[in-house]
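Single-structure report; data block below.
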Amino acid sequence: MTRLSDKTYPAILLALAMLGAWWALRDMVLPHDVGWQFWTARQMLGGTELYAEIWEVNPPLWFWSAMPLAWVAEQTGAPWGAVLAGAVAGLGALCAGLTAHLLGPRSAMERAVWGLLVFAMTVILPASQTGQREPLALIVSLPYAALIARRHAGVAVPGLLAAGVALLAAYGFALKHYFVAVPLVLELWLIARQRGAWRPWRPEVAVLAGLAAAYAAAVVVLTPAFFSVILPMVEAAYFSSQATLVFTLVKPYVLFWVVAGGFLWATRKLPLRAVSPAAEAAIPALVLTWGAFALGYVLQSRGWNYHSIAATGTMGVAVGLRAWRVEAWPARAIGGAMLAALVWLMYPYNPRPAPEEPLLDRVAPGEGVFIADFNAGAIWRRGREDLVWVSRAYSLWMVQAITAAEAEGRVTPALARLRGEVLAATSQDIRCHPPQLILFKATPGTRGADGAFSFEAFLLRDPALREFLAAHYGPAERAKAGTAYWRRGTAAGLAASACRTIR
């Protein structure tokens with residue numbers, strides 16, 4: 001009975017952690033990006049063509065993977081956030097258990113501690129960004145890092161287990177092309193260790209290579225508009241939101257990376273408790289994984305907090321494993337304090353109301369909304385699923401590049417074409433599904449062709465939209481969020497044959 005308990009209680013603890021995480025996450029206000037992801041998935045379930053009828057700059061896997069969850073939410077009536085929280089908590093528990101198993105714990109206590117450490121770093125601490133690509137990549141990458149650490153230590157891995165770990169990891173590596181650096185760096189590390197004994201024909205390599213080829217083929221065949229519509233848009237305008245290197249690096253989590261690296265270096269020669277060979281190799285495997293994720297953070301050139309989650313979580317696991325092994329209590333206490341600091345550092349849950357929320361509260365359920373803004377608005381928060389987003393675009397991010405070029409008198413032919421596409425598409429979207437509320441967000445400090453930039457002036461360059469607004473919408477209402485127009489009664493829009501269906 002005792003032996004059975006020793007084998008099962010780590011799994012029971014992970015299961016309890018999974019249930020607790022789901023309970024805590026199920027009603028959280030999730031990121032705008034994730035709200036858009038599920039809105040898009042719902043439209044795709046109704047037959048809307050991604051990229052051709054919905055403008056989105058990210059590759060399709062993230063949206064494809066949301067479709068089953070969106071379908072479950074529709075069929076059960078459960079909030080999509082609760083369904084997503086359950087999927088992420090379950091995936092996190094599975095991957096935490098796999099990571100601990102692959103590191104070869106010598107006792108049930110080690111298995112439990114390692115599993116809970118990984119779960120905390122991958123699911124609990126980045127909870128405010130649940131469903132984002134970086135936390136998802138972090139969750140599925142750690143078992144793969146443990147697998148390669150085990151290979152590096154010369155410990156055999158069952159072929160089916162290796163293939164299963166690679167199957168999970170392939171999803172995370174494919175979410176962004178930056179994440180491909182993780183398996184490449186780990187493979188180079190393994191090659192340097194094994195040299196002439198290295199063999200590429202291993203189950204995990206076959207799975208990753210096969211799925212990469214299948215995904216590339218699927219993108220080409222199933223989403224041709226990604227190449228014909230989105231890539232020209234990205235090439236013309238995506239530079240506008242890039243941050244400086246200083247803005248990208250002067251961040252508290254980058255400081256944590258430096259301090260954590262110093263901790264690992266300073267404690268490397270202290271007396272350490274004995275662990276399995278795979279666990280011995282885990283720290284360098286995790287540091288390499290951190291380096292690959294940190295490189296992706298820098299290359300994205302945005303400096304957004306959630307872009308750092310994968311690197312920060314990986315380094316947190318490395319610090320936790322070292323703190324567990326080191327025998328000197330002062331060093332162990334320092335490691336524990338660093339992990340405690342991550343509770344504050346890794347993006348605490350603090351949703352702030354957006355200035356447009358009072359206007360959205362006045363929109364009747366089932367009515368449409370259009371918000372002209374450079375960034376995502378409050379409509380993507382949980383609880384606003386009853387509103388209809390009439391635009392094909394998540395936000396009008398590309399207008400930032402257009403207006404900057406206009407202000408400087410350097411509009412390229414590509415930007416001129418994009419400007420025409422944005423004006424025509426926005427006009428069509430509004431006239432196809434006349435929203436109850438049209439909000440032109442305020443843009444203080446943004447320059448335009450004739451001084452200060454105005455979304456209202458920019459979009460009403462389209463004569464059809466200008467005429468439609470004058471015929472069907474009341475006088476402008478000045479609000480804190482910007483300039484609002486409310487529809488007067490019903491409005492006859494474009495023929496259904498000229499419009500996409502919105503679910």
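Each chain in the structure tokens gets a letter, A, B and so on, in the order shown; residues start at 1 in every chain, and ligands are counted from 1 in the order they appear.
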
Report task. Write out as an MDAnalysis selection string the residues lying within 8 Å of Ala146 of chain A, counting only C-alpha atoms and excluding same-chain residues fewer than 2 positions away. Result -> chainID A and resid 99 102:103 142:144 148:150 278 282 285

Can you build me a table of segment 31-121 of chain A residues sitting at most 10 Å from segment 151-174 of chain A, with the closest atom pair per residue and its distance in Å to one decimal, using only C-alpha atoms, sorted by chain and residue number, as a tab-separated table?
residue	atom	partner	partner_atom	distance
A:Pro59	CA	A:Ala174	CA	8.8
A:Pro60	CA	A:Ala174	CA	9.8
A:Leu61	CA	A:Ala174	CA	7.4
A:Trp62	CA	A:Ala174	CA	8.9
A:Ser65	CA	A:Tyr171	CA	9.2
A:Leu91	CA	A:Leu168	CA	9.2
A:Cys95	CA	A:Val165	CA	8.4
A:Leu98	CA	A:Val165	CA	7.9
A:Thr99	CA	A:Val165	CA	9.3
A:Leu102	CA	A:Val157	CA	8.3
A:Leu103	CA	A:Val155	CA	9.9
A:Gly104	CA	A:Val155	CA	9.4

Query raised in the report: Can you tell me, as an MDAnalysis selection string, what residues are no more than 12 Å from Ala120 of chain A when counting only C-alpha atoms, ignoring any on the same chain fewer than 4 positions away?
Result: chainID A and resid 14 17:18 20:21 89 92:93 95:96 113:116 124:127 135 138:139 313:314 316:317 320 339:340 342:343 346

Please produce a file of those selected residues containing N, CA, C and O atoms, as a tab-separated table (two decimals), in the first residue's frame.
chain	number	residue	atom	x	y	z
A	14	LEU	N	-0.43	16.82	-8.75
A	14	LEU	CA	-0.52	17.54	-10.02
A	14	LEU	C	-1.97	17.69	-10.46
A	14	LEU	O	-2.38	18.74	-10.98
A	17	ALA	N	-3.48	20.37	-8.44
A	17	ALA	CA	-2.99	21.67	-8.92
A	17	ALA	C	-3.71	22.06	-10.21
A	17	ALA	O	-4.05	23.23	-10.41
A	18	MET	N	-3.93	21.10	-11.08
A	18	MET	CA	-4.63	21.36	-12.33
A	18	MET	C	-6.06	21.84	-12.07
A	18	MET	O	-6.50	22.84	-12.64
A	20	GLY	N	-7.22	23.19	-9.31
A	20	GLY	CA	-7.17	24.50	-8.66
A	20	GLY	C	-6.88	25.62	-9.65
A	20	GLY	O	-7.48	26.70	-9.57
A	21	ALA	N	-5.97	25.35	-10.58
A	21	ALA	CA	-5.65	26.36	-11.59
A	21	ALA	C	-6.85	26.63	-12.48
A	21	ALA	O	-7.15	27.79	-12.80
A	89	ALA	N	-4.74	24.19	-18.33
A	89	ALA	CA	-4.38	23.54	-17.07
A	89	ALA	C	-4.10	22.06	-17.28
A	89	ALA	O	-3.14	21.50	-16.72
A	92	GLY	N	-0.81	21.75	-19.12
A	92	GLY	CA	0.28	22.08	-18.21
A	92	GLY	C	0.58	20.95	-17.25
A	92	GLY	O	1.75	20.65	-16.98
A	93	ALA	N	-0.46	20.30	-16.71
A	93	ALA	CA	-0.23	19.19	-15.79
A	93	ALA	C	0.42	18.02	-16.50
A	93	ALA	O	1.34	17.37	-15.97
A	95	CYS	N	2.36	18.09	-19.21
A	95	CYS	CA	3.75	18.39	-19.56
A	95	CYS	C	4.63	18.50	-18.32
A	95	CYS	O	5.81	18.12	-18.36
A	96	ALA	N	4.08	18.98	-17.21
A	96	ALA	CA	4.86	19.02	-15.97
A	96	ALA	C	5.18	17.60	-15.50
A	96	ALA	O	6.31	17.31	-15.07
A	113	VAL	N	7.95	17.42	-6.29
A	113	VAL	CA	8.50	18.78	-6.25
A	113	VAL	C	8.80	19.29	-7.65
A	113	VAL	O	8.45	20.42	-8.01
A	114	TRP	N	9.45	18.46	-8.47
A	114	TRP	CA	9.79	18.89	-9.81
A	114	TRP	C	8.54	19.14	-10.65
A	114	TRP	O	8.46	20.10	-11.39
A	115	GLY	N	7.57	18.25	-10.54
A	115	GLY	CA	6.34	18.42	-11.31
A	115	GLY	C	5.60	19.69	-10.92
A	115	GLY	O	5.14	20.45	-11.78
A	116	LEU	N	5.48	19.95	-9.61
A	116	LEU	CA	4.78	21.15	-9.16
A	116	LEU	C	5.55	22.42	-9.51
A	116	LEU	O	4.95	23.46	-9.81
A	124	ILE	N	0.71	28.67	-13.57
A	124	ILE	CA	0.20	29.53	-12.52
A	124	ILE	C	0.77	30.94	-12.62
A	124	ILE	O	0.02	31.93	-12.62
A	125	LEU	N	2.09	31.07	-12.71
A	125	LEU	CA	2.67	32.41	-12.70
A	125	LEU	C	2.29	33.23	-13.92
A	125	LEU	O	2.03	34.43	-13.80
A	126	PRO	N	2.27	32.67	-15.13
A	126	PRO	CA	1.81	33.48	-16.28
A	126	PRO	C	0.31	33.43	-16.49
A	126	PRO	O	-0.17	33.54	-17.62
A	127	ALA	N	-0.46	33.27	-15.42
A	127	ALA	CA	-1.90	33.08	-15.54
A	127	ALA	C	-2.59	34.24	-16.24
A	127	ALA	O	-3.57	34.03	-16.97
A	135	PRO	N	3.27	31.46	-23.37
A	135	PRO	CA	3.02	30.47	-22.32
A	135	PRO	C	2.76	29.07	-22.88
A	135	PRO	O	3.19	28.07	-22.29
A	138	LEU	N	6.07	27.61	-23.85
A	138	LEU	CA	6.80	27.24	-22.63
A	138	LEU	C	6.32	25.91	-22.08
A	138	LEU	O	7.13	25.03	-21.73
A	139	ILE	N	5.02	25.73	-22.01
A	139	ILE	CA	4.46	24.50	-21.43
A	139	ILE	C	4.97	23.27	-22.15
A	139	ILE	O	5.41	22.29	-21.53
A	313	GLY	N	9.92	31.90	-17.66
A	313	GLY	CA	9.48	30.66	-17.04
A	313	GLY	C	10.54	29.58	-17.08
A	313	GLY	O	10.73	28.82	-16.12
A	314	THR	N	11.27	29.47	-18.20
A	314	THR	CA	12.34	28.48	-18.32
A	314	THR	C	13.43	28.75	-17.29
A	314	THR	O	13.92	27.84	-16.62
A	316	GLY	N	13.08	30.35	-14.53
A	316	GLY	CA	12.53	30.08	-13.21
A	316	GLY	C	12.62	28.61	-12.84
A	316	GLY	O	12.94	28.27	-11.70
A	317	VAL	N	12.36	27.71	-13.79
A	317	VAL	CA	12.50	26.28	-13.53
A	317	VAL	C	13.95	25.93	-13.23
A	317	VAL	O	14.23	25.14	-12.32
A	320	GLY	N	14.73	26.99	-9.75
A	320	GLY	CA	14.07	26.11	-8.80
A	320	GLY	C	14.77	24.77	-8.65
A	320	GLY	O	14.94	24.25	-7.54
A	339	LEU	N	12.32	32.92	-6.79
A	339	LEU	CA	11.07	32.37	-7.32
A	339	LEU	C	9.87	33.12	-6.76
A	339	LEU	O	8.89	33.36	-7.47
A	340	ALA	N	9.96	33.51	-5.50
A	340	ALA	CA	8.86	34.28	-4.91
A	340	ALA	C	8.72	35.63	-5.62
A	340	ALA	O	7.60	36.13	-5.80
A	342	LEU	N	9.08	36.17	-8.64
A	342	LEU	CA	8.39	35.98	-9.92
A	342	LEU	C	6.87	36.11	-9.77
A	342	LEU	O	6.18	36.40	-10.75
A	343	VAL	N	6.35	35.89	-8.57
A	343	VAL	CA	4.92	36.07	-8.36
A	343	VAL	C	4.52	37.50	-8.69
A	343	VAL	O	3.47	37.77	-9.28
A	346	MET	N	5.99	38.20	-12.97
A	346	MET	CA	5.41	37.61	-14.16
A	346	MET	C	3.96	38.05	-14.35
A	346	MET	O	3.01	37.26	-14.32

Find the residues of segment 340-457 of chain A that sit at most 7 Å from segment 485-492 of chain A; for each, write down the nearest two atoms and how far apart they are in Å, to one decimal. Count only C-alpha atoms. Sort by chain, then by number going up, and give it as CSV.
residue,atom,partner,partner_atom,distance
A:Pro434,CA,A:Ala491,CA,6.5
A:Gln436,CA,A:Arg487,CA,5.0
A:Leu437,CA,A:Trp486,CA,4.9
A:Ile438,CA,A:Tyr485,CA,5.1
A:Leu439,CA,A:Tyr485,CA,6.4

Ala425 of chain A surroundings by only C-alpha atoms, 12 Å radius, close-in-sequence under 2 positions cut, as a tab-separated table (two decimals) with all heavy atoms, in the first residue's frame:
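Contents of part_1.tsv, as written:
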chain	number	residue	atom	x	y	z
A	52	ALA	N	-8.19	35.92	-46.04
A	52	ALA	CA	-8.92	36.54	-47.14
A	52	ALA	C	-10.06	37.41	-46.60
A	52	ALA	O	-10.29	38.52	-47.09
A	52	ALA	CB	-9.47	35.48	-48.09
A	53	GLU	N	-10.78	36.90	-45.61
A	53	GLU	CA	-11.92	37.62	-45.04
A	53	GLU	C	-11.66	38.13	-43.63
A	53	GLU	O	-12.46	38.90	-43.10
A	53	GLU	CB	-13.15	36.71	-45.05
A	53	GLU	CG	-13.58	36.29	-46.45
A	53	GLU	CD	-14.75	35.34	-46.43
A	53	GLU	OE1	-14.57	34.19	-45.97
A	53	GLU	OE2	-15.84	35.74	-46.88
A	54	ILE	N	-10.59	37.67	-43.02
A	54	ILE	CA	-10.15	38.17	-41.73
A	54	ILE	C	-8.67	38.50	-41.85
A	54	ILE	O	-7.88	37.64	-42.23
A	54	ILE	CB	-10.38	37.14	-40.60
A	54	ILE	CG1	-11.88	36.96	-40.34
A	54	ILE	CG2	-9.68	37.57	-39.32
A	54	ILE	CD1	-12.20	35.99	-39.23
A	55	TRP	N	-8.33	39.73	-41.53
A	55	TRP	CA	-6.93	40.15	-41.60
A	55	TRP	C	-6.22	39.82	-40.29
A	55	TRP	O	-6.59	40.32	-39.23
A	55	TRP	CB	-6.84	41.64	-41.87
A	55	TRP	CG	-7.18	42.02	-43.27
A	55	TRP	CD1	-7.43	41.19	-44.31
A	55	TRP	CD2	-7.31	43.35	-43.79
A	55	TRP	NE1	-7.70	41.91	-45.45
A	55	TRP	CE2	-7.64	43.24	-45.16
A	55	TRP	CE3	-7.18	44.62	-43.23
A	55	TRP	CZ2	-7.84	44.36	-45.97
A	55	TRP	CZ3	-7.38	45.73	-44.03
A	55	TRP	CH2	-7.70	45.60	-45.40
A	390	VAL	N	-17.67	44.07	-36.43
A	390	VAL	CA	-17.98	44.09	-37.85
A	390	VAL	C	-16.73	44.18	-38.73
A	390	VAL	O	-16.80	43.95	-39.95
A	390	VAL	CB	-18.92	45.26	-38.19
A	390	VAL	CG1	-20.19	45.18	-37.35
A	390	VAL	CG2	-18.24	46.61	-38.02
A	391	SER	N	-15.60	44.50	-38.16
A	391	SER	CA	-14.38	44.67	-38.95
A	391	SER	C	-13.71	43.33	-39.23
A	391	SER	O	-13.75	42.42	-38.40
A	391	SER	CB	-13.41	45.60	-38.24
A	391	SER	OG	-12.19	45.70	-38.95
A	392	ARG	N	-13.05	43.24	-40.34
A	392	ARG	CA	-12.26	42.05	-40.67
A	392	ARG	C	-10.91	42.08	-39.97
A	392	ARG	O	-10.16	41.09	-40.00
A	392	ARG	CB	-12.06	41.94	-42.17
A	392	ARG	CG	-11.11	42.97	-42.79
A	392	ARG	CD	-11.14	42.95	-44.29
A	392	ARG	NE	-12.44	43.40	-44.78
A	392	ARG	CZ	-12.83	43.31	-46.04
A	392	ARG	NH1	-12.00	42.79	-46.95
A	392	ARG	NH2	-14.02	43.74	-46.41
A	393	ALA	N	-10.53	43.22	-39.40
A	393	ALA	CA	-9.21	43.40	-38.80
A	393	ALA	C	-9.32	43.42	-37.28
A	393	ALA	O	-10.27	43.98	-36.72
A	393	ALA	CB	-8.56	44.69	-39.29
A	396	LEU	N	-6.55	48.43	-36.53
A	396	LEU	CA	-6.00	49.09	-37.71
A	396	LEU	C	-4.54	49.47	-37.44
A	396	LEU	O	-4.12	50.62	-37.59
A	396	LEU	CB	-6.84	50.32	-38.06
A	396	LEU	CG	-8.29	50.01	-38.44
A	396	LEU	CD1	-9.02	51.30	-38.81
A	396	LEU	CD2	-8.36	49.02	-39.60
A	418	LEU	N	-1.76	49.85	-49.76
A	418	LEU	CA	-2.32	49.39	-48.49
A	418	LEU	C	-3.34	50.40	-47.97
A	418	LEU	O	-4.39	50.01	-47.45
A	418	LEU	CB	-1.21	49.17	-47.47
A	418	LEU	CG	-1.63	48.68	-46.09
A	418	LEU	CD1	-2.42	47.38	-46.18
A	418	LEU	CD2	-0.41	48.51	-45.19
A	419	ARG	N	-3.06	51.68	-48.11
A	419	ARG	CA	-4.00	52.72	-47.69
A	419	ARG	C	-5.33	52.56	-48.42
A	419	ARG	O	-6.41	52.62	-47.80
A	419	ARG	CB	-3.40	54.09	-47.96
A	419	ARG	CG	-4.31	55.26	-47.62
A	419	ARG	CD	-3.56	56.58	-47.82
A	419	ARG	NE	-3.07	56.71	-49.19
A	419	ARG	CZ	-2.13	57.59	-49.57
A	419	ARG	NH1	-1.60	58.42	-48.68
A	419	ARG	NH2	-1.73	57.65	-50.82
A	420	GLY	N	-5.28	52.33	-49.71
A	420	GLY	CA	-6.51	52.12	-50.48
A	420	GLY	C	-7.25	50.88	-50.03
A	420	GLY	O	-8.49	50.87	-49.93
A	421	GLU	N	-6.51	49.80	-49.73
A	421	GLU	CA	-7.15	48.56	-49.27
A	421	GLU	C	-7.83	48.76	-47.93
A	421	GLU	O	-8.95	48.28	-47.70
A	421	GLU	CB	-6.10	47.45	-49.17
A	421	GLU	CG	-5.54	46.98	-50.50
A	421	GLU	CD	-4.38	46.02	-50.31
A	421	GLU	OE1	-4.09	45.68	-49.15
A	421	GLU	OE2	-3.77	45.62	-51.33
A	422	VAL	N	-7.17	49.48	-47.01
A	422	VAL	CA	-7.75	49.71	-45.68
A	422	VAL	C	-9.02	50.55	-45.79
A	422	VAL	O	-10.04	50.23	-45.16
A	422	VAL	CB	-6.71	50.39	-44.77
A	422	VAL	CG1	-7.37	50.85	-43.46
A	422	VAL	CG2	-5.57	49.44	-44.46
A	423	LEU	N	-8.99	51.62	-46.57
A	423	LEU	CA	-10.15	52.47	-46.71
A	423	LEU	C	-11.32	51.71	-47.34
A	423	LEU	O	-12.46	51.80	-46.87
A	423	LEU	CB	-9.81	53.70	-47.55
A	423	LEU	CG	-8.84	54.71	-46.91
A	423	LEU	CD1	-8.46	55.80	-47.90
A	423	LEU	CD2	-9.45	55.31	-45.65
A	427	SER	N	-14.73	50.58	-45.22
A	427	SER	CA	-16.01	51.06	-45.73
A	427	SER	C	-16.96	49.90	-46.00
A	427	SER	O	-18.14	49.93	-45.63
A	427	SER	CB	-15.78	51.87	-47.00
A	427	SER	OG	-17.01	52.27	-47.58
A	428	GLN	N	-16.45	48.86	-46.63
A	428	GLN	CA	-17.30	47.70	-46.93
A	428	GLN	C	-17.79	47.02	-45.66
A	428	GLN	O	-18.97	46.66	-45.55
A	428	GLN	CB	-16.54	46.71	-47.80
A	428	GLN	CG	-17.37	45.50	-48.20
A	428	GLN	CD	-16.56	44.48	-48.97
A	428	GLN	OE1	-15.38	44.26	-48.70
A	428	GLN	NE2	-17.19	43.84	-49.95
A	429	ASP	N	-16.90	46.84	-44.70
A	429	ASP	CA	-17.28	46.15	-43.46
A	429	ASP	C	-18.39	46.90	-42.73
A	429	ASP	O	-19.35	46.29	-42.24
A	429	ASP	CB	-16.06	46.02	-42.54
A	429	ASP	CG	-15.05	45.00	-43.05
A	429	ASP	OD1	-15.41	44.19	-43.92
A	429	ASP	OD2	-13.90	45.04	-42.57
A	430	ILE	N	-18.27	48.22	-42.65
A	430	ILE	CA	-19.29	49.01	-41.94
A	430	ILE	C	-20.61	49.01	-42.70
A	430	ILE	O	-21.69	48.91	-42.10
A	430	ILE	CB	-18.76	50.44	-41.70
A	430	ILE	CG1	-17.63	50.42	-40.67
A	430	ILE	CG2	-19.89	51.37	-41.24
A	430	ILE	CD1	-16.97	51.77	-40.45
A	431	ARG	N	-20.55	49.10	-44.01
A	431	ARG	CA	-21.79	49.15	-44.79
A	431	ARG	C	-22.43	47.77	-44.95
A	431	ARG	O	-23.63	47.65	-45.18
A	431	ARG	CB	-21.52	49.77	-46.17
A	431	ARG	CG	-21.21	51.27	-46.07
A	431	ARG	CD	-20.97	51.91	-47.42
A	431	ARG	NE	-19.78	51.41	-48.06
A	431	ARG	CZ	-19.73	50.94	-49.32
A	431	ARG	NH1	-20.83	50.90	-50.05
A	431	ARG	NH2	-18.59	50.53	-49.83
A	432	CYS	N	-21.63	46.71	-44.82
A	432	CYS	CA	-22.20	45.36	-44.85
A	432	CYS	C	-22.99	45.05	-43.58
A	432	CYS	O	-24.07	44.45	-43.63
A	432	CYS	CB	-21.07	44.34	-45.02
A	432	CYS	SG	-20.59	44.04	-46.73
A	459	LEU	N	-10.47	57.76	-42.20
A	459	LEU	CA	-11.38	56.75	-42.76
A	459	LEU	C	-12.49	57.39	-43.60
A	459	LEU	O	-13.00	56.77	-44.53
A	459	LEU	CB	-11.98	55.92	-41.64
A	459	LEU	CG	-10.98	55.01	-40.91
A	459	LEU	CD1	-11.63	54.30	-39.73
A	459	LEU	CD2	-10.38	53.97	-41.86
A	462	ASP	N	-12.97	57.92	-47.62
A	462	ASP	CA	-13.77	57.08	-48.52
A	462	ASP	C	-15.14	57.72	-48.70
A	462	ASP	O	-15.90	57.86	-47.73
A	462	ASP	CB	-13.92	55.68	-47.93
A	462	ASP	CG	-14.70	54.75	-48.84
A	462	ASP	OD1	-14.09	54.16	-49.74
A	462	ASP	OD2	-15.94	54.65	-48.66
A	464	ALA	N	-17.94	56.72	-50.06
A	464	ALA	CA	-19.11	55.88	-49.77
A	464	ALA	C	-19.36	55.80	-48.27
A	464	ALA	O	-20.51	55.85	-47.81
A	464	ALA	CB	-18.90	54.48	-50.36
A	465	LEU	N	-18.30	55.67	-47.49
A	465	LEU	CA	-18.46	55.61	-46.03
A	465	LEU	C	-18.92	56.96	-45.49
A	465	LEU	O	-19.77	57.02	-44.60
A	465	LEU	CB	-17.14	55.20	-45.38
A	465	LEU	CG	-17.15	55.11	-43.85
A	465	LEU	CD1	-18.20	54.13	-43.36
A	465	LEU	CD2	-15.77	54.72	-43.32
A	498	ALA	N	-22.51	40.57	-51.21
A	498	ALA	CA	-21.24	41.30	-51.22
A	498	ALA	C	-20.54	41.26	-49.87
A	498	ALA	O	-19.47	41.84	-49.72
A	498	ALA	CB	-21.49	42.76	-51.61
A	499	CYS	N	-21.13	40.56	-48.90
A	499	CYS	CA	-20.63	40.61	-47.52
A	499	CYS	C	-20.34	39.21	-47.00
A	499	CYS	O	-20.95	38.23	-47.42
A	499	CYS	CB	-21.65	41.29	-46.63
A	499	CYS	SG	-22.14	42.94	-47.16
A	500	ARG	N	-19.42	39.15	-46.05
A	500	ARG	CA	-19.17	37.89	-45.36
A	500	ARG	C	-20.18	37.71	-44.23
A	500	ARG	O	-20.75	38.70	-43.72
A	500	ARG	CB	-17.75	37.87	-44.78
A	500	ARG	CG	-17.49	38.94	-43.76
A	500	ARG	CD	-16.01	39.00	-43.35
A	500	ARG	NE	-15.78	40.17	-42.52
A	500	ARG	CZ	-15.85	40.16	-41.19
A	500	ARG	NH1	-16.20	39.05	-40.57
A	500	ARG	NH2	-15.61	41.26	-40.50

Requested in this report: Would you list, as a PyMOL selection string, the residues of segment 392-441 of chain A that end up in alpha helix (DSSP H) under DSSP run on this structure's backbone?
Outcome: chain A and resi 398-408+413-432

Query raised in the report: Do you know which residues are at most 12 Å from Leu345 of chain A counting only C-alpha atoms, after dropping those on the same chain fewer than 2 positions away, and could you put them as JSON, numbers by chain?
Result: {"A": [121, 125, 126, 128, 251, 252, 253, 254, 255, 256, 257, 305, 306, 308, 309, 312, 313, 316, 338, 339, 340, 341, 342, 343, 347, 348, 349]}
